[in-house]
$ cat run_31.txt   # compact mmCIF, C-alpha atoms and all ligand atoms
# COMPACT_ATOMS: atom_id res chain seq x y z
CA MET A 492 7.16 -5.20 36.69
CA ALA A 493 6.00 -4.22 33.20
CA ASP A 494 3.99 -1.03 32.68
CA VAL A 495 1.24 -2.77 30.72
CA VAL A 496 0.26 -6.34 29.98
CA ILE A 497 -2.33 -7.20 27.35
CA ARG A 498 -3.98 -10.50 28.10
CA GLY A 499 -5.58 -13.15 25.97
CA GLY A 500 -5.75 -11.49 22.55
CA THR A 501 -5.24 -13.05 19.14
CA VAL A 502 -1.96 -11.35 18.29
CA VAL A 503 -1.24 -10.81 14.58
CA LEU A 504 2.43 -11.71 14.16
CA PRO A 505 4.25 -11.54 10.79
CA ASP A 506 3.75 -15.29 10.23
CA GLY A 507 0.16 -15.40 11.41
CA PRO A 508 -2.15 -14.90 14.40
CA GLN A 509 -1.30 -16.48 17.73
CA HIS A 510 -2.96 -16.45 21.16
CA ALA A 511 -0.55 -14.59 23.40
CA ASP A 512 -0.05 -11.87 25.99
CA ILE A 513 1.98 -8.75 25.25
CA SER A 514 4.05 -6.90 27.84
CA ILE A 515 5.07 -3.27 27.42
CA GLU A 516 7.71 -1.19 29.19
CA GLY A 517 8.71 2.38 28.40
CA GLY A 518 6.44 2.41 25.36
CA ARG A 519 8.09 -0.64 23.78
CA ILE A 520 7.03 -4.27 23.48
CA THR A 521 9.20 -6.37 25.80
CA ALA A 522 7.65 -9.80 25.31
CA ILE A 523 4.96 -11.65 23.35
CA ALA A 524 4.23 -15.03 24.90
CA ALA A 525 1.63 -17.08 26.73
CA GLU A 526 0.83 -16.23 30.35
CA LEU A 527 3.16 -13.28 30.91
CA GLY A 528 3.65 -11.92 34.42
CA ASP A 529 1.82 -9.08 36.10
CA ALA A 530 2.00 -5.37 35.24
CA GLN A 531 0.82 -2.05 36.61
CA GLN A 532 -1.93 -1.87 33.99
CA LYS A 533 -3.74 -4.96 32.75
CA ILE A 534 -5.79 -4.83 29.56
CA ASP A 535 -8.18 -7.64 28.70
CA ALA A 536 -8.08 -8.48 24.98
CA ARG A 537 -9.96 -11.79 25.08
CA GLY A 538 -12.06 -12.22 21.96
CA LEU A 539 -10.16 -9.45 20.17
CA VAL A 540 -7.57 -9.37 17.42
CA VAL A 541 -4.46 -7.33 18.27
CA MET A 542 -2.72 -5.89 15.20
CA PRO A 543 0.15 -3.43 14.68
CA GLY A 544 -1.10 0.16 14.66
CA MET A 545 -1.88 1.43 11.19
CA ILE A 546 0.70 3.64 9.45
CA ASP A 547 -1.14 5.97 7.07
CA VAL A 548 1.52 7.14 4.59
CA HIS A 549 -0.78 9.60 2.81
CA VAL A 550 -2.85 12.26 4.60
CA HIS A 551 -3.47 15.96 4.16
CA PHE A 552 -3.93 17.42 7.64
CA ASN A 553 -3.11 20.87 6.22
CA GLU A 554 -0.91 21.90 9.13
CA PRO A 555 0.16 24.66 9.46
CA GLY A 556 -1.86 27.37 7.82
CA ARG A 557 -5.00 25.65 6.60
CA THR A 558 -6.31 24.10 9.78
CA GLY A 559 -9.79 25.39 8.93
CA TRP A 560 -9.89 22.41 6.57
CA GLU A 561 -8.64 19.90 9.17
CA GLY A 562 -5.51 20.25 11.29
CA ALA A 563 -3.52 17.52 13.03
CA ALA A 564 -5.43 17.81 16.33
CA THR A 565 -8.62 16.47 14.75
CA GLY A 566 -6.95 14.55 11.93
CA SER A 567 -4.77 12.49 14.27
CA ARG A 568 -7.77 11.78 16.53
CA ALA A 569 -9.68 10.45 13.55
CA LEU A 570 -6.66 8.35 12.58
CA ALA A 571 -6.47 6.94 16.12
CA ALA A 572 -10.19 6.12 16.08
CA GLY A 573 -9.51 4.21 12.87
CA GLY A 574 -6.68 2.20 14.45
CA GLY A 575 -3.80 4.38 13.26
CA THR A 576 -0.73 5.36 15.27
CA LEU A 577 1.49 7.11 12.69
CA PHE A 578 0.82 9.27 9.64
CA PHE A 579 2.92 10.96 6.96
CA ASP A 580 1.61 14.43 6.13
CA MET A 581 1.70 15.60 2.52
CA PRO A 582 3.45 18.86 1.58
CA LEU A 583 0.13 20.33 0.49
CA ASN A 584 -2.38 21.66 1.51
CA SER A 585 -0.51 23.38 4.31
CA THR A 586 0.15 27.09 3.84
CA PRO A 587 2.79 27.78 2.79
CA ILE A 588 3.47 24.51 1.02
CA CYS A 589 6.27 22.35 2.42
CA ILE A 590 9.07 22.63 -0.14
CA ASN A 591 12.13 23.68 1.86
CA ILE A 592 13.86 22.96 5.17
CA HIS A 593 12.29 25.97 6.84
CA GLU A 594 8.76 24.77 6.09
CA VAL A 595 9.60 21.20 7.15
CA GLU A 596 10.74 22.55 10.52
CA ARG A 597 7.62 24.69 10.82
CA LYS A 598 5.37 21.74 10.01
CA ARG A 599 7.22 19.59 12.52
CA THR A 600 6.67 22.17 15.26
CA ALA A 601 2.98 22.48 14.39
CA LEU A 602 2.47 18.71 14.34
CA GLU A 603 4.35 18.23 17.61
CA ALA A 604 1.96 20.69 19.21
CA ALA A 605 -1.24 19.22 17.77
CA SER A 606 -0.93 15.50 16.98
CA ILE A 607 -1.80 12.66 19.34
CA THR A 608 -0.22 10.08 17.01
CA ASP A 609 3.35 9.92 15.77
CA PHE A 610 4.03 11.51 12.41
CA GLY A 611 6.41 11.83 9.47
CA ILE A 612 6.62 14.56 6.85
CA TRP A 613 6.70 14.52 3.04
CA GLY A 614 8.65 17.25 1.23
CA GLY A 615 7.35 18.71 -2.02
CA LEU A 616 8.92 18.32 -5.47
CA VAL A 617 7.81 21.25 -7.64
CA PRO A 618 9.58 23.27 -10.34
CA GLY A 619 12.37 25.14 -8.55
CA SER A 620 12.50 22.97 -5.40
CA ILE A 621 15.18 20.48 -6.48
CA GLY A 622 17.90 22.57 -4.83
CA GLU A 623 15.94 22.36 -1.57
CA MET A 624 15.70 18.56 -1.53
CA ALA A 625 19.02 17.94 0.26
CA GLY A 626 18.00 20.33 3.05
CA MET A 627 14.64 18.66 3.39
CA ALA A 628 16.34 15.24 3.50
CA ALA A 629 18.60 16.48 6.29
CA SER A 630 15.56 17.62 8.24
CA GLY A 631 14.10 14.11 8.07
CA VAL A 632 11.41 13.97 5.37
CA VAL A 633 10.24 10.49 4.34
CA GLY A 634 10.43 11.37 0.64
CA PHE A 635 9.25 13.87 -1.97
CA LYS A 636 5.78 14.24 -3.46
CA ALA A 637 5.16 15.41 -7.03
CA PHE A 638 2.05 15.93 -9.13
CA MET A 639 2.09 14.95 -12.80
CA CYS A 640 -1.16 16.91 -13.31
CA ASP A 641 -2.63 20.06 -11.81
CA SER A 642 -2.71 19.66 -7.99
CA GLY A 643 -5.84 21.75 -7.44
CA LEU A 644 -3.75 24.33 -5.56
CA PRO A 645 -2.10 27.01 -7.69
CA GLU A 646 0.88 27.34 -5.31
CA PHE A 647 1.81 23.64 -5.64
CA SER A 648 2.79 23.49 -9.31
CA ARG A 649 2.79 20.38 -11.42
CA ALA A 650 6.18 18.75 -11.94
CA ASP A 651 6.88 18.88 -15.68
CA ASP A 652 8.85 15.94 -17.09
CA ARG A 653 12.19 17.67 -16.67
CA THR A 654 11.47 18.54 -13.02
CA LEU A 655 10.24 15.04 -12.30
CA ARG A 656 13.22 13.34 -13.90
CA ASP A 657 15.82 15.65 -12.33
CA GLY A 658 13.98 15.44 -9.01
CA MET A 659 14.14 11.65 -9.15
CA SER A 660 17.89 11.79 -9.83
CA GLU A 661 18.37 13.99 -6.79
CA ALA A 662 16.09 11.78 -4.67
CA ALA A 663 18.11 8.72 -5.74
CA ARG A 664 21.29 10.50 -4.67
CA LEU A 665 19.70 11.30 -1.31
CA GLY A 666 18.37 7.74 -0.89
CA LEU A 667 14.73 8.79 -0.55
CA PRO A 668 11.64 7.86 -2.59
CA VAL A 669 9.62 10.10 -4.88
CA ALA A 670 5.83 9.77 -4.63
CA VAL A 671 3.83 10.68 -7.69
CA HIS A 672 0.21 11.56 -8.30
CA ALA A 673 0.03 9.87 -11.69
CA GLU A 674 -2.51 11.39 -14.06
CA SER A 675 -1.61 12.89 -17.43
CA GLU A 676 -1.97 16.67 -17.49
CA GLU A 677 -2.28 16.65 -21.28
CA ILE A 678 -5.19 14.20 -21.32
CA THR A 679 -7.08 15.53 -18.31
CA ARG A 680 -6.75 19.16 -19.37
CA ALA A 681 -7.99 18.49 -22.91
CA LEU A 682 -10.97 16.52 -21.63
CA SER A 683 -11.79 19.08 -18.92
CA HIS A 684 -12.01 21.76 -21.58
CA ALA A 685 -14.54 19.63 -23.43
CA MET A 686 -16.89 19.34 -20.41
CA THR A 687 -20.49 20.13 -21.16
CA GLY A 688 -22.10 20.84 -17.78
CA ARG A 689 -23.12 17.28 -16.82
CA GLY A 690 -21.48 17.51 -13.40
CA ALA A 691 -20.26 14.20 -11.98
CA ARG A 692 -20.44 12.32 -15.29
CA ASP A 693 -18.32 14.98 -17.02
CA PHE A 694 -15.76 14.87 -14.24
CA LEU A 695 -15.46 11.07 -14.41
CA GLU A 696 -14.99 11.18 -18.17
CA SER A 697 -12.40 13.95 -17.95
CA ARG A 698 -10.11 11.71 -15.86
CA PRO A 699 -10.13 8.37 -17.68
CA VAL A 700 -8.09 5.29 -16.81
CA ARG A 701 -5.83 5.91 -19.81
CA ALA A 702 -4.72 9.26 -18.28
CA GLU A 703 -3.58 7.36 -15.19
CA LEU A 704 -1.89 4.57 -17.14
CA GLU A 705 0.04 6.96 -19.38
CA ALA A 706 1.40 8.86 -16.37
CA ILE A 707 2.30 5.65 -14.51
CA GLN A 708 4.25 4.42 -17.53
CA ARG A 709 6.14 7.69 -17.79
CA ALA A 710 6.97 7.75 -14.07
CA LEU A 711 8.17 4.13 -14.25
CA ARG A 712 10.42 5.01 -17.20
CA PHE A 713 11.98 7.91 -15.28
CA ALA A 714 12.48 5.69 -12.24
CA ALA A 715 14.22 3.09 -14.38
CA GLU A 716 16.48 5.75 -15.93
CA THR A 717 17.37 7.49 -12.67
CA ARG A 718 17.32 4.40 -10.42
CA ALA A 719 15.13 6.33 -8.00
CA ALA A 720 12.75 4.64 -5.60
CA LEU A 721 9.26 5.44 -6.89
CA HIS A 722 6.07 5.32 -4.83
CA ILE A 723 2.91 5.59 -6.90
CA VAL A 724 0.16 7.02 -4.71
CA HIS A 725 -3.55 6.21 -4.96
CA VAL A 726 -3.50 3.82 -7.93
CA SER A 727 -7.17 3.37 -8.82
CA THR A 728 -7.14 0.53 -11.35
CA GLY A 729 -5.86 -3.02 -11.61
CA ARG A 730 -4.19 -2.14 -14.91
CA GLY A 731 -2.13 0.54 -13.19
CA VAL A 732 -0.99 -1.95 -10.56
CA ALA A 733 -0.10 -4.45 -13.29
CA LEU A 734 2.13 -1.90 -15.06
CA ALA A 735 4.05 -1.33 -11.84
CA ALA A 736 4.35 -5.07 -11.22
CA GLU A 737 5.82 -5.55 -14.73
CA ALA A 738 8.35 -2.78 -14.14
CA ARG A 739 9.26 -4.24 -10.76
CA ALA A 740 9.94 -7.59 -12.38
CA LYS A 741 12.45 -5.77 -14.60
CA GLY A 742 14.21 -4.27 -11.59
CA VAL A 743 12.50 -0.90 -11.11
CA ASP A 744 12.30 0.05 -7.42
CA VAL A 745 8.58 0.85 -7.25
CA SER A 746 5.92 0.56 -4.56
CA VAL A 747 2.20 0.79 -5.21
CA GLU A 748 -0.36 2.42 -2.94
CA THR A 749 -4.11 2.29 -3.28
CA CYS A 750 -6.82 3.85 -1.13
CA PRO A 751 -9.81 2.29 0.62
CA HIS A 752 -12.28 4.34 -1.42
CA TYR A 753 -11.22 2.63 -4.66
CA LEU A 754 -11.82 -0.70 -2.94
CA TRP A 755 -15.20 0.19 -1.41
CA PHE A 756 -16.97 2.55 -3.81
CA THR A 757 -17.50 2.71 -7.57
CA GLU A 758 -18.25 5.52 -10.00
CA ASP A 759 -21.99 4.96 -9.47
CA ASP A 760 -21.44 6.21 -5.92
CA VAL A 761 -20.04 9.50 -7.23
CA GLU A 762 -23.32 10.16 -9.03
CA ARG A 763 -25.36 8.93 -6.04
CA LEU A 764 -23.44 10.71 -3.24
CA GLY A 765 -22.18 13.79 -5.09
CA ALA A 766 -19.12 15.85 -4.24
CA VAL A 767 -18.39 14.04 -0.93
CA ALA A 768 -17.21 11.17 -3.16
CA LYS A 769 -15.27 13.37 -5.61
CA CYS A 770 -11.54 12.61 -5.78
CA ALA A 771 -8.73 12.31 -8.31
CA PRO A 772 -8.16 9.87 -9.84
CA PRO A 773 -11.92 9.39 -9.64
CA LEU A 774 -13.79 6.35 -8.40
CA ARG A 775 -13.89 3.74 -11.16
CA PRO A 776 -16.43 1.30 -12.62
CA ARG A 777 -17.14 -1.94 -10.74
CA GLU A 778 -14.81 -3.97 -13.03
CA ASP A 779 -11.86 -1.76 -12.09
CA ALA A 780 -12.60 -2.03 -8.37
CA ASP A 781 -12.80 -5.82 -8.70
CA ALA A 782 -9.52 -5.91 -10.64
CA LEU A 783 -7.91 -3.76 -7.96
CA TRP A 784 -9.00 -6.26 -5.30
CA ASN A 785 -7.58 -9.11 -7.39
CA GLU A 786 -4.22 -7.34 -7.58
CA LEU A 787 -4.32 -6.69 -3.84
CA VAL A 788 -5.08 -10.32 -3.03
CA ALA A 789 -2.31 -11.41 -5.44
CA GLY A 790 0.21 -9.35 -3.46
CA HIS A 791 0.89 -6.70 -6.12
CA ILE A 792 -0.29 -3.77 -3.99
CA ASP A 793 2.19 -2.82 -1.30
CA ILE A 794 0.40 -0.24 0.83
CA VAL A 795 -3.15 0.93 1.52
CA ALA A 796 -3.39 4.56 2.68
CA SER A 797 -6.33 6.90 3.14
CA ASP A 798 -5.32 9.98 1.10
CA HIS A 799 -7.50 11.80 3.64
CA SER A 800 -8.12 15.10 1.85
CA PRO A 801 -10.65 17.25 3.71
CA CYS A 802 -11.87 20.77 3.08
CA GLU A 803 -14.40 23.22 4.45
CA PRO A 804 -18.01 22.05 3.96
CA ALA A 805 -18.84 24.97 1.67
CA MET A 806 -16.22 23.67 -0.79
CA LYS A 807 -18.17 20.43 -1.16
CA SER A 808 -21.57 22.03 -1.67
CA GLY A 809 -23.02 23.57 -4.78
CA ASP A 810 -21.71 22.92 -8.25
CA PHE A 811 -20.00 19.52 -8.65
CA THR A 812 -17.47 20.74 -11.20
CA SER A 813 -16.01 23.40 -8.90
CA ALA A 814 -16.28 21.31 -5.69
CA TRP A 815 -13.03 20.32 -3.93
CA GLY A 816 -11.70 16.94 -5.03
CA GLY A 817 -10.74 14.83 -2.04
CA ILE A 818 -12.25 12.13 0.16
CA ALA A 819 -11.96 12.55 3.93
CA GLY A 820 -11.90 8.91 5.01
CA VAL A 821 -8.94 8.56 7.39
CA GLN A 822 -11.06 6.71 9.95
CA SER A 823 -12.32 4.03 7.57
CA THR A 824 -9.23 2.33 6.05
CA LEU A 825 -9.04 -0.58 8.48
CA PRO A 826 -12.83 -1.21 8.54
CA VAL A 827 -12.81 -1.38 4.71
CA LEU A 828 -9.95 -3.89 4.69
CA ILE A 829 -11.44 -6.04 7.44
CA ASP A 830 -14.93 -6.10 5.92
CA ARG A 831 -14.21 -6.49 2.20
CA GLY A 832 -10.73 -8.01 2.51
CA HIS A 833 -10.65 -10.27 5.54
CA HIS A 834 -14.34 -11.22 5.76
CA ASP A 835 -15.34 -11.22 2.07
CA ARG A 836 -12.09 -12.33 0.42
CA ARG A 837 -10.40 -14.27 3.24
CA LEU A 838 -7.39 -11.98 3.18
CA PRO A 839 -5.29 -13.23 6.12
CA LEU A 840 -4.90 -10.78 8.99
CA GLU A 841 -1.11 -10.89 8.67
CA ARG A 842 -1.41 -9.77 5.01
CA LEU A 843 -3.65 -6.96 6.11
CA ALA A 844 -1.06 -5.95 8.71
CA GLU A 845 1.59 -5.85 5.98
CA LEU A 846 -0.50 -3.49 3.84
CA VAL A 847 -1.11 -0.93 6.57
CA ALA A 848 1.84 -1.36 8.92
CA SER A 849 4.93 -3.46 8.18
CA THR A 850 5.39 -2.56 4.51
CA PRO A 851 4.89 1.19 5.13
CA ALA A 852 7.52 1.01 7.90
CA ARG A 853 9.95 -0.98 5.75
CA ARG A 854 9.47 1.01 2.56
CA PHE A 855 10.04 4.32 4.34
CA ARG A 856 12.71 2.89 6.70
CA ILE A 857 10.96 3.76 9.95
CA ALA A 858 12.70 1.82 12.71
CA ARG A 859 10.83 -0.13 15.41
CA LYS A 860 7.41 0.46 13.84
CA GLY A 861 4.89 -1.59 11.91
CA MET A 862 5.27 -4.99 13.58
CA LEU A 863 4.42 -6.74 16.80
CA ALA A 864 7.79 -7.94 18.04
CA SER A 865 9.96 -7.51 21.10
CA GLY A 866 11.85 -4.20 20.94
CA TYR A 867 9.29 -2.54 18.67
CA ASP A 868 7.17 0.44 19.70
CA ALA A 869 3.94 -0.69 21.37
CA ASP A 870 1.71 0.71 18.61
CA LEU A 871 -1.35 -1.53 18.62
CA VAL A 872 -4.96 -1.70 17.52
CA PHE A 873 -7.60 -4.02 18.99
CA VAL A 874 -10.29 -5.17 16.59
CA ASP A 875 -13.45 -7.13 17.30
CA PRO A 876 -13.91 -8.93 13.98
CA ALA A 877 -17.21 -10.55 14.99
CA GLN A 878 -19.05 -7.27 15.70
CA SER A 879 -20.35 -4.85 13.09
CA PHE A 880 -21.33 -1.18 12.99
CA THR A 881 -22.84 1.45 10.75
CA LEU A 882 -20.74 4.62 10.59
CA GLN A 883 -22.57 7.70 11.91
CA HIS A 884 -21.60 11.37 11.56
CA ASP A 885 -21.04 11.54 15.31
CA ASP A 886 -18.51 8.69 15.15
CA LEU A 887 -16.19 10.84 13.05
CA GLN A 888 -13.36 12.50 14.97
CA GLN A 889 -12.29 14.68 12.03
CA ARG A 890 -12.97 18.42 12.02
CA HIS A 891 -15.79 18.41 9.48
CA LYS A 892 -18.12 15.44 9.80
CA MET A 893 -18.18 14.72 6.07
CA SER A 894 -17.28 11.30 4.73
CA PRO A 895 -18.77 9.15 1.98
CA TYR A 896 -18.55 6.23 4.42
CA VAL A 897 -21.27 7.67 6.70
CA GLY A 898 -24.22 5.27 6.61
CA GLN A 899 -22.09 2.34 5.41
CA ALA A 900 -22.13 -0.89 7.43
CA PHE A 901 -18.86 -2.61 8.30
CA GLY A 902 -18.08 -6.02 9.79
CA GLY A 903 -15.31 -5.50 12.36
CA VAL A 904 -15.16 -2.86 15.11
CA ILE A 905 -12.05 -1.01 16.30
CA ARG A 906 -12.07 -1.14 20.10
CA ARG A 907 -8.80 0.38 21.23
CA THR A 908 -5.64 2.00 19.89
CA LEU A 909 -2.33 2.24 21.76
CA ARG A 910 0.49 4.57 20.68
CA ARG A 911 3.81 3.65 22.33
CA GLY A 912 1.93 1.88 25.11
CA GLU A 913 -0.54 4.67 25.86
CA THR A 914 -4.21 4.02 25.11
CA ILE A 915 -5.15 6.95 22.85
CA PHE A 916 -8.57 5.63 21.78
CA ALA A 917 -10.95 3.26 23.55
CA ASP A 918 -14.60 2.36 22.93
CA GLY A 919 -15.47 5.42 20.91
CA HIS A 920 -13.50 7.95 22.94
CA ILE A 921 -10.15 9.67 22.56
CA THR A 922 -8.13 9.16 25.74
CA ALA A 923 -4.67 10.45 24.78
CA ARG A 924 -2.77 12.57 27.28
CA GLU A 925 0.66 12.64 25.63
CA GLY A 926 1.42 14.02 22.17
CA GLY A 927 2.83 12.42 19.04
CA ARG A 928 6.50 12.37 18.07
CA PHE A 929 8.30 13.09 14.83
CA VAL A 930 9.72 10.02 13.07
CA ARG A 931 12.34 10.11 10.33
CA PRO A 932 13.83 7.47 8.03
CA GLU A 933 16.80 5.41 9.06
CA PRO A 934 19.89 6.53 7.12
CA CYS A 935 20.78 3.33 5.26
CA ARG A 936 18.85 2.34 2.16
CA ILE A 937 16.70 -0.78 2.26
CA ASP A 938 14.69 -1.65 -0.81
CA LEU A 939 11.31 -3.27 -0.71
CA VAL A 940 11.97 -7.01 -0.64
CA SER A 941 9.70 -9.91 0.16
CA ARG A 942 6.10 -9.86 -0.98
CA ALA A 943 3.37 -12.46 -0.76
CA THR A 944 2.52 -14.10 -4.04
CA SER A 945 -0.51 -16.33 -4.13
ZN ZN A 1001 -3.26 13.10 -1.63

$ encode --input "run_31.txt" --output "structure tokens"
Amino acid sequence: MADVVIRGGTVVLPDGPQHADISIEGGRITAIAAELGDAQQKIDARGLVVMPGMIDVHVHFNEPGRTGWEGAATGSRALAAGGGTLFFDMPLNSTPICINIHEVERKRTALEAASITDFGIWGGLVPGSIGEMAGMAASGVVGFKAFMCDSGLPEFSRADDRTLRDGMSEAARLGLPVAVHAESEEITRALSHAMTGRGARDFLESRPVRAELEAIQRALRFAAETRAALHIVHVSTGRGVALAAEARAKGVDVSVETCPHYLWFTEDDVERLGAVAKCAPPLRPREDADALWNELVAGHIDIVASDHSPCEPAMKSGDFTSAWGGIAGVQSTLPVLIDRGHHDRRLPLERLAELVASTPARRFRIARKGMLASGYDADLVFVDPAQSFTLQHDDLQQRHKMSPYVGQAFGGVIRRTLRRGETIFADGHITAREGGRFVRPEPCRIDLVSRATS
């Protein structure tokens, strides 16, 4: 007899939704079919959509060393409440930063102790860390993160062009991707110096679209030269996505990530909400957000990730210019995509599942994750698409209840999350008993292949 059977849900399979039951044994899916036999635990999913658990490839849970800002205990609970079952933690803002094998091991130990979801680890690419990349690869990192502009943390230095290019060569040799924060240091620094004390408006103008486009072009050129796999994080404009799509058509191995906040908010919200909506690249004008949606619907965006970047509340209060830049929205990715993507733009559920589950798993070569299929881990999220909710502070599972999404209304409610067959979130409550496990890339190299084009 199976451990769990899920009955009567609309199951989002790679080729579309289908009414089916799902049986689970030992944390894995054993069958997806109509009218499956009995199991020890029966879960009723009638009226609900069952999707693969979300894989958030970009979070800052700050573990170890800066858990006063978040920590994986609360961060992973918030992820689970948002329908997520696996995250990749960035090499900053943990303390120390994660730029060698020793720190990867330390982070792994800390995450194993704290996380209720499964997790992967990004290594850092900074000046001087290229010699450490092979060791980090051996310890199982999913790739290497570099900043093309100031990171906001003095200890995580910007990768100058030489570091970035040499780092990409080494990453290509190791068969792992390099993720870049693409904003031009030259442009943003010059404009920051010219700020005149107008707070949010100054900040927006100091980080223009052209600073992002210039950096994206440069990163794409280095990727073409080194044949590295490039992952461009948090692209905020349709023009940035288009540059990557052009390069891809010429054979560059590039994947594009955007974040829910660029799809939900605009720069007007930065002025309205203040520092809680401050991030880099900044929120953009309405036209850019619309263009970003068009690129997403056209299939040119590969992955949507939260870039959950929390801090202590005091760092978000007071002067806008000195406030921490980062949006703490890990719980809201799926609601944004269901409301504005599925409901408003008729984005099919299977496309949505690609953006947050199957493409992340394929791009980063995580086996048995990201899809609902026999033999895969039973990582699932149940969504009630017909219900709606308004996000309240108390709904947030993260450490500090600060999110620009508080007060926003969403069509589509997340009812339950299962990680390897265990219900870790149900009807507003965290129910996990077991902890999360470390995942690492499969050794052989698989490039990003098929992509919807409509
Ligand atoms: Zn980030």

$ residues_near_ligand --input "run_31.txt" --ligand "ligand ZN 1001 (chain A)" --cutoff "9 Å" --atoms "all atoms listed in the file" --output "list in words"
His549, Val550, His551, Met581, Leu583, His672, Val724, His725, Ala771, Ser797, Asp798, His799, Ser800 and Gly817 of chain A

$ closest_residue --input "run_31.txt" --among "A:Ala864, A:Ile592, A:Leu840, A:Leu704" --to "A:Ala735" --atoms "only C-alpha atoms"
A:Leu704

$ closest_residue --input "run_31.txt" --among "A:Leu734, A:Ala563, A:Ala685, A:Val872" --to "A:Pro801" --atoms "all atoms listed in the file"
A:Ala563

$ closest_residue --input "run_31.txt" --among "A:Ala663, A:Phe901, A:Arg928, A:Pro772" --to "A:Ser697" --atoms "only C-alpha atoms"
A:Pro772

$ residues_near_point --input "run_31.txt" --point "(-11.2, 2.0, 15.5)" --cutoff "10 Å" --atoms "all atoms listed in the file" --output "ChimeraX atom specification"
/A:569-575,822-826,872-875,886,903-908,916-920

$ residues_around --input "run_31.txt" --residues "A:Tyr753" --least-positions-apart "2" --cutoff "9 Å" --atoms "all atoms listed in the file" --output "number ranges by chain"
A: 725-728, 749-751, 755-757, 773-775, 779-780, 783

$ write_last_selection --input "run_31.txt" --atoms "C-alpha atoms" --output "CSV table (one decimal), keeping the file's coordinate frame"
chain,number,residue,atom,x,y,z
A,725,HIS,CA,-3.6,6.2,-5.0
A,726,VAL,CA,-3.5,3.8,-7.9
A,727,SER,CA,-7.2,3.4,-8.8
A,728,THR,CA,-7.1,0.5,-11.4
A,749,THR,CA,-4.1,2.3,-3.3
A,750,CYS,CA,-6.8,3.8,-1.1
A,751,PRO,CA,-9.8,2.3,0.6
A,755,TRP,CA,-15.2,0.2,-1.4
A,756,PHE,CA,-17.0,2.6,-3.8
A,757,THR,CA,-17.5,2.7,-7.6
A,773,PRO,CA,-11.9,9.4,-9.6
A,774,LEU,CA,-13.8,6.4,-8.4
A,775,ARG,CA,-13.9,3.7,-11.2
A,779,ASP,CA,-11.9,-1.8,-12.1
A,780,ALA,CA,-12.6,-2.0,-8.4
A,783,LEU,CA,-7.9,-3.8,-8.0

$ atom_distance --input "run_31.txt" --atom1 "atom CA of A:Gln883" --atom2 "atom CA of A:Arg537"
26.7 Å

$ residues_around --input "run_31.txt" --residues "A:Met545" --least-positions-apart "3" --cutoff "10 Å" --atoms "all atoms listed in the file" --output "ChimeraX atom specification"
/A:542,548,570-571,573-578,795-796,824-825,843-849,851-852,860-862,870-872,908

$ residues_around --input "run_31.txt" --residues "A:Gln509" --least-positions-apart "2" --cutoff "10 Å" --atoms "only C-alpha atoms" --output "mmCIF file with C-alpha atoms, in the coordinates of the input"
data_model
loop_
_atom_site.group_PDB
_atom_site.id
_atom_site.type_symbol
_atom_site.label_atom_id
_atom_site.label_comp_id
_atom_site.auth_asym_id
_atom_site.auth_seq_id
_atom_site.Cartn_x
_atom_site.Cartn_y
_atom_site.Cartn_z
ATOM 1 C CA GLY A 499 -5.580 -13.150 25.970
ATOM 2 C CA GLY A 500 -5.750 -11.490 22.550
ATOM 3 C CA THR A 501 -5.240 -13.050 19.140
ATOM 4 C CA VAL A 502 -1.960 -11.350 18.290
ATOM 5 C CA VAL A 503 -1.240 -10.810 14.580
ATOM 6 C CA LEU A 504 2.430 -11.710 14.160
ATOM 7 C CA ASP A 506 3.750 -15.290 10.230
ATOM 8 C CA GLY A 507 0.160 -15.400 11.410
ATOM 9 C CA ALA A 511 -0.550 -14.590 23.400
ATOM 10 C CA ASP A 512 -0.050 -11.870 25.990
ATOM 11 C CA ILE A 523 4.960 -11.650 23.350
ATOM 12 C CA ALA A 524 4.230 -15.030 24.900
ATOM 13 C CA ALA A 525 1.630 -17.080 26.730
ATOM 14 C CA VAL A 540 -7.570 -9.370 17.420
ATOM 15 C CA VAL A 541 -4.460 -7.330 18.270
#

$ atom_distance --input "run_31.txt" --atom1 "atom CA of A:Tyr867" --atom2 "atom CA of A:Arg853"
13.0 Å

$ residues_around --input "run_31.txt" --residues "A:His684" --least-positions-apart "4" --cutoff "12 Å" --atoms "only C-alpha atoms" --output "PyMOL selection string"
chain A and resi 676-680+688+693-694+696-698+812

$ write_last_selection --input "run_31.txt" --atoms "C-alpha atoms" --output "compact mmCIF listing (two decimals), in the coordinates of the input"
# COMPACT_ATOMS: atom_id res chain seq x y z
CA GLU A 676 -1.97 16.67 -17.49
CA GLU A 677 -2.28 16.65 -21.28
CA ILE A 678 -5.19 14.20 -21.32
CA THR A 679 -7.08 15.53 -18.31
CA ARG A 680 -6.75 19.16 -19.37
CA GLY A 688 -22.10 20.84 -17.78
CA ASP A 693 -18.32 14.98 -17.02
CA PHE A 694 -15.76 14.87 -14.24
CA GLU A 696 -14.99 11.18 -18.17
CA SER A 697 -12.40 13.95 -17.95
CA ARG A 698 -10.11 11.71 -15.86
CA THR A 812 -17.47 20.74 -11.20
